[in-house]
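Undergrad: The file below is query.cif, mmCIF, C-alpha atoms:
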```cif
data_run
loop_
_atom_site.label_atom_id
_atom_site.label_comp_id
_atom_site.auth_asym_id
_atom_site.auth_seq_id
_atom_site.Cartn_x
_atom_site.Cartn_y
_atom_site.Cartn_z
CA MET A 1 -16.21 10.46 -1.02
CA ASP A 2 -12.89 10.30 -2.90
CA LEU A 3 -10.79 7.26 -2.04
CA ARG A 4 -7.12 6.61 -2.71
CA TYR A 5 -5.75 3.11 -2.25
CA PHE A 6 -2.09 2.99 -1.26
CA ASP A 7 0.18 0.05 -1.79
CA THR A 8 3.28 -0.51 0.28
CA SER A 9 5.74 1.05 -2.17
CA VAL A 10 4.44 4.57 -1.54
CA ILE A 11 4.60 4.29 2.26
CA LEU A 12 8.09 2.78 2.18
CA SER A 13 9.30 5.57 -0.12
CA MET A 14 8.28 8.12 2.49
CA LEU A 15 9.68 6.09 5.38
CA PHE A 16 13.06 5.47 3.77
CA SER A 17 13.27 8.84 1.95
CA ASP A 18 14.18 7.15 -1.31
CA GLN A 19 14.22 8.68 -4.81
CA ASN A 20 10.40 8.65 -4.92
CA ALA A 21 9.86 10.27 -1.50
CA GLU A 22 8.92 13.71 -2.81
CA ARG A 23 6.36 12.25 -5.20
CA ALA A 24 5.08 9.96 -2.43
CA LEU A 25 4.37 13.02 -0.28
CA GLU A 26 2.48 14.62 -3.18
CA LEU A 27 0.37 11.45 -3.56
CA TRP A 28 -0.24 11.43 0.19
CA ASP A 29 -1.49 15.01 0.36
CA GLY A 30 -5.03 15.57 -0.74
CA ASN A 31 -8.67 15.62 0.19
CA PHE A 32 -9.47 11.91 0.06
CA ALA A 33 -9.79 8.95 2.37
CA ARG A 34 -6.71 6.74 2.52
CA VAL A 35 -7.55 3.07 2.18
CA SER A 36 -5.68 -0.21 1.78
CA SER A 37 -5.60 -3.86 2.72
CA SER A 38 -4.50 -4.98 6.18
CA LEU A 39 -1.64 -6.45 4.16
CA LEU A 40 -0.19 -2.91 3.97
CA SER A 41 0.65 -2.86 7.67
CA LEU A 42 2.28 -6.28 7.55
CA GLU A 43 4.37 -5.46 4.48
CA CYS A 44 5.50 -2.14 5.96
CA TYR A 45 6.65 -3.67 9.24
CA VAL A 46 8.44 -6.61 7.57
CA ASN A 47 10.37 -4.22 5.32
CA PHE A 48 11.02 -1.84 8.21
CA HIS A 49 12.56 -4.68 10.25
CA LYS A 50 14.67 -5.81 7.28
CA PHE A 51 15.98 -2.28 6.84
CA THR A 52 16.72 -1.64 10.51
CA SER A 53 18.78 -4.82 10.67
CA LEU A 54 21.13 -3.12 8.17
CA VAL A 55 21.51 0.07 10.22
CA PRO A 56 24.74 0.22 12.28
CA GLU A 57 24.20 -1.10 15.81
CA LYS A 58 24.88 2.21 17.59
CA LEU A 59 22.18 3.95 15.49
CA ARG A 60 19.71 1.08 15.38
CA SER A 61 17.66 1.65 18.56
CA GLY A 62 17.03 5.32 17.84
CA TRP A 63 16.15 4.69 14.22
CA ARG A 64 13.94 1.73 15.13
CA ARG A 65 12.03 3.83 17.67
CA SER A 66 11.53 6.87 15.44
CA GLY A 67 10.69 4.78 12.37
CA SER A 68 8.24 2.65 14.31
CA ASP A 69 6.54 5.75 15.73
CA TRP A 70 6.29 7.23 12.22
CA LEU A 71 4.79 4.03 10.81
CA LYS A 72 2.20 3.83 13.59
CA LYS A 73 1.18 7.43 12.93
CA VAL A 74 0.90 6.94 9.17
CA LEU A 75 -0.92 3.61 9.37
CA SER A 76 -3.42 5.09 11.84
CA GLN A 77 -4.60 7.40 9.03
CA PHE A 78 -5.85 4.46 6.93
CA TYR A 79 -8.99 2.46 6.79
CA LEU A 80 -7.51 -1.03 6.40
CA HIS A 81 -9.78 -3.75 5.02
CA GLU A 82 -9.16 -7.22 6.42
CA ILE A 83 -8.36 -10.10 4.09
CA ASP A 84 -11.77 -11.67 4.52
CA GLU A 85 -13.90 -14.27 2.76
CA GLU A 86 -14.98 -11.74 0.10
CA ILE A 87 -11.35 -11.09 -0.86
CA ARG A 88 -10.47 -14.79 -0.83
CA SER A 89 -13.54 -15.60 -2.94
CA LYS A 90 -12.73 -12.91 -5.53
CA ILE A 91 -9.24 -14.31 -5.98
CA ALA A 92 -10.43 -17.92 -6.04
CA THR A 93 -13.09 -17.34 -8.70
CA SER A 94 -11.49 -14.87 -11.11
CA GLU A 95 -8.69 -15.83 -13.48
CA VAL A 96 -7.60 -12.19 -13.75
CA TYR A 97 -5.74 -12.52 -10.44
CA GLY A 98 -3.62 -15.31 -11.91
CA ARG A 99 -1.88 -12.71 -14.05
CA CYS A 100 -0.21 -10.97 -11.10
CA ARG A 101 1.82 -11.71 -7.99
CA THR A 102 0.00 -13.04 -4.93
CA LEU A 103 0.36 -9.93 -2.76
CA ASP A 104 -0.67 -7.73 -5.69
CA ALA A 105 -3.74 -9.94 -6.19
CA ILE A 106 -4.71 -9.40 -2.55
CA HIS A 107 -4.22 -5.64 -2.89
CA LEU A 108 -6.19 -5.49 -6.15
CA ALA A 109 -9.07 -7.63 -4.87
CA THR A 110 -9.26 -5.33 -1.86
CA ALA A 111 -9.04 -2.24 -4.08
CA GLY A 112 -12.02 -3.54 -6.04
CA THR A 113 -14.05 -3.68 -2.84
CA PHE A 114 -13.33 -0.01 -2.17
CA ALA A 115 -13.72 1.09 -5.81
CA ARG A 116 -17.36 0.07 -5.98
CA GLU A 117 -18.11 2.58 -3.18
CA THR A 118 -17.18 5.71 -5.16
CA ASP A 119 -16.80 7.24 -8.60
CA ASP A 120 -13.48 8.84 -7.66
CA PHE A 121 -11.06 6.04 -6.84
CA SER A 122 -7.36 5.73 -7.57
CA ILE A 123 -4.49 3.46 -6.66
CA ALA A 124 -1.13 4.96 -5.67
CA THR A 125 1.89 2.76 -6.38
CA PHE A 126 5.50 2.97 -7.50
CA ASP A 127 5.65 -0.73 -8.33
CA SER A 128 5.63 -1.19 -12.11
CA ARG A 129 4.12 -4.69 -12.00
CA MET A 130 1.38 -3.57 -9.60
CA LYS A 131 0.71 -0.58 -11.87
CA ALA A 132 0.42 -2.78 -14.96
CA ALA A 133 -1.88 -5.26 -13.21
CA ALA A 134 -4.09 -2.48 -11.80
CA GLU A 135 -4.39 -0.73 -15.15
CA GLY A 136 -5.14 -4.08 -16.78
CA MET A 137 -8.11 -4.39 -14.43
CA GLY A 138 -9.33 -0.91 -15.31
CA PHE A 139 -8.18 0.98 -12.23
CA LYS A 140 -6.95 4.58 -12.38
CA VAL A 141 -3.34 4.53 -11.17
CA VAL A 142 -1.37 7.50 -9.88
CA PHE A 143 2.39 7.28 -9.55
#
```
Represent the supplied structure as structure tokens.

TA:
Amino acid sequence: MDLRYFDTSVILSMLFSDQNAERALELWDGNFARVSSSLLSLECYVNFHKFTSLVPEKLRSGWRRSGSDWLKKVLSQFYLHEIDEEIRSKIATSEVYGRCRTLDAIHLATAGTFARETDDFSIATFDSRMKAAAEGMGFKVVF
């Protein structure tokens, strides 16, 4: 089965309709299973709440409701791997994770767990540091 690992940057691009939104939709479409870390959900909601606090008060409740509904729908289409002992152990015992940011290390350790399950695995990200770290670990990255 083909697997595509999504980091938060792709989901937020679709949610906020930023300059990468069209490409994010292209990365989203396809015949593959969508996978990520449970960290994805947390990062999406934290950023969603930060953004909605900037929306004018009279628009905030409607935007919060529609955005929250959209996020729930999108996140329900993922298999999210918990940050478990295997992930913690990978990070604790491999120096390679010291070359990237903490949240990227969690994503990449989780991606490695999924990657060993298939020959067709890719990581979707718009984050240049995540991309560099993933490629440095030998992952195929789409952006």

Undergrad: From the list A:Arg4, A:Arg34, A:Lys50, A:Arg88, which residue is nearest A:Leu75 when using only C-alpha atoms?

TA: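 Of A:Arg4, A:Arg34, A:Lys50, A:Arg88, the one nearest A:Leu75, counting only C-alpha atoms, is A:Arg34.
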
Undergrad: In Å, how far is it from atom CA of A:Trp28 to atom CA of A:Thr102?

TA: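 Atom-to-atom, atom CA of A:Trp28 and atom CA of A:Thr102 are spaced 25.0 Å apart.
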
Undergrad: If the PyMOL selection byres ((chain A and resi 105) around 10) is run on the structure shown, which residues does it catch, given as a tab-separated table (two decimals) with C-alpha atoms, in the frame of the given file?

TA:
```tsv
chain	number	residue	atom	x	y	z
A	87	ILE	CA	-11.35	-11.09	-0.86
A	88	ARG	CA	-10.47	-14.79	-0.83
A	90	LYS	CA	-12.73	-12.91	-5.53
A	91	ILE	CA	-9.24	-14.31	-5.98
A	96	VAL	CA	-7.60	-12.19	-13.75
A	97	TYR	CA	-5.74	-12.52	-10.44
A	98	GLY	CA	-3.62	-15.31	-11.91
A	99	ARG	CA	-1.88	-12.71	-14.05
A	100	CYS	CA	-0.21	-10.97	-11.10
A	101	ARG	CA	1.82	-11.71	-7.99
A	102	THR	CA	0.00	-13.04	-4.93
A	103	LEU	CA	0.36	-9.93	-2.76
A	104	ASP	CA	-0.67	-7.73	-5.69
A	106	ILE	CA	-4.71	-9.40	-2.55
A	107	HIS	CA	-4.22	-5.64	-2.89
A	108	LEU	CA	-6.19	-5.49	-6.15
A	109	ALA	CA	-9.07	-7.63	-4.87
A	110	THR	CA	-9.26	-5.33	-1.86
A	111	ALA	CA	-9.04	-2.24	-4.08
A	130	MET	CA	1.38	-3.57	-9.60
A	133	ALA	CA	-1.88	-5.26	-13.21
A	134	ALA	CA	-4.09	-2.48	-11.80
```

Undergrad: Quick one: which stretch 14-133 of chain A residues come within 8 Å of stretch 137-141 of chain A, and what is the nearest atom pair for each with the distance in Å to one decimal, counting only C-alpha atoms, rows ordered by chain and ascending number, as a tab-separated table?

TA:
```
residue	atom	partner	partner_atom	distance
A:Val96	CA	A:Met137	CA	7.8
A:Phe121	CA	A:Lys140	CA	7.1
A:Ser122	CA	A:Lys140	CA	5.0
A:Ile123	CA	A:Val141	CA	4.8
A:Ala124	CA	A:Val141	CA	5.9
A:Thr125	CA	A:Val141	CA	7.3
A:Lys131	CA	A:Val141	CA	6.6
A:Ala133	CA	A:Met137	CA	6.4
```

Undergrad: Within 12 Å of (9.3, 6.8, 12.0), all atoms listed in the file: residues as a ChimeraX atom specification?

TA: /A:11-12,14-17,44-45,48,52,61-75

Undergrad: Could you jot down the atom CA of A:Gln77 to atom CA of A:Asn20 separation for me, Å, one decimal place?

TA: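 Straight-line distance from atom CA of A:Gln77 to atom CA of A:Asn20 works out to 20.5 Å.
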
Undergrad: Name the closest residue to A:Ser41 among the candidates A:Phe143, A:Arg129, A:Thr93, A:Glu82; distances are taken between atoms, counting all atoms listed in the file.

TA: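 Once distances to A:Ser41 are computed over all atoms listed in the file, the minimum belongs to A:Glu82.
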
Undergrad: For the structure shown, which residues end up in the PyMOL selection byres ((chain A and resi 117) around 12)? Put them as a compact mmCIF listing (two decimals) with C-alpha atoms, in the coordinates of the input, please?

TA:
```
# COMPACT_ATOMS: atom_id res chain seq x y z
CA MET A 1 -16.21 10.46 -1.02
CA ASP A 2 -12.89 10.30 -2.90
CA LEU A 3 -10.79 7.26 -2.04
CA ARG A 4 -7.12 6.61 -2.71
CA ALA A 33 -9.79 8.95 2.37
CA VAL A 35 -7.55 3.07 2.18
CA THR A 110 -9.26 -5.33 -1.86
CA ALA A 111 -9.04 -2.24 -4.08
CA GLY A 112 -12.02 -3.54 -6.04
CA THR A 113 -14.05 -3.68 -2.84
CA PHE A 114 -13.33 -0.01 -2.17
CA ALA A 115 -13.72 1.09 -5.81
CA ARG A 116 -17.36 0.07 -5.98
CA THR A 118 -17.18 5.71 -5.16
CA ASP A 119 -16.80 7.24 -8.60
CA ASP A 120 -13.48 8.84 -7.66
CA PHE A 121 -11.06 6.04 -6.84
```

Undergrad: Could you tell me how far atom CA of A:Asn31 sits from atom CA of A:Glu86, in Å to one decimal place?

TA: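 Distance between the two atoms: 28.1 Å.
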
Undergrad: Pick the closest to A:Asn47 from A:Ser13, A:Arg60, A:Phe126, A:Ser89: which is it, counting all atoms listed in the file?

TA: A:Ser13

Undergrad: My list of candidates is A:Tyr79, A:Glu26, A:Asp84, A:Leu54. Which is closest to A:Tyr5 when distances are computed with all atoms listed in the file?

TA: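 Nearest candidate to A:Tyr5 out of A:Tyr79, A:Glu26, A:Asp84, A:Leu54: A:Tyr79.
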
Undergrad: Taking all atoms of stretch 47-59 of chain A that the file lists and extending 4 Å past them on each side, where is the centre of the axis-aligned box and how long are its edges? Answer in Å to one decimal, as JSON.

TA:
```
{"center_x": 17.6, "center_y": -0.9, "center_z": 11.5, "size_x": 22.5, "size_y": 17.8, "size_z": 20.3}
```

Undergrad: Which is closer to A:Leu39 than all the others in A:Glu95, A:Leu80, A:Val10, A:Asp127, using only C-alpha atoms?

TA: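 Once distances to A:Leu39 are computed over only C-alpha atoms, the minimum belongs to A:Leu80.
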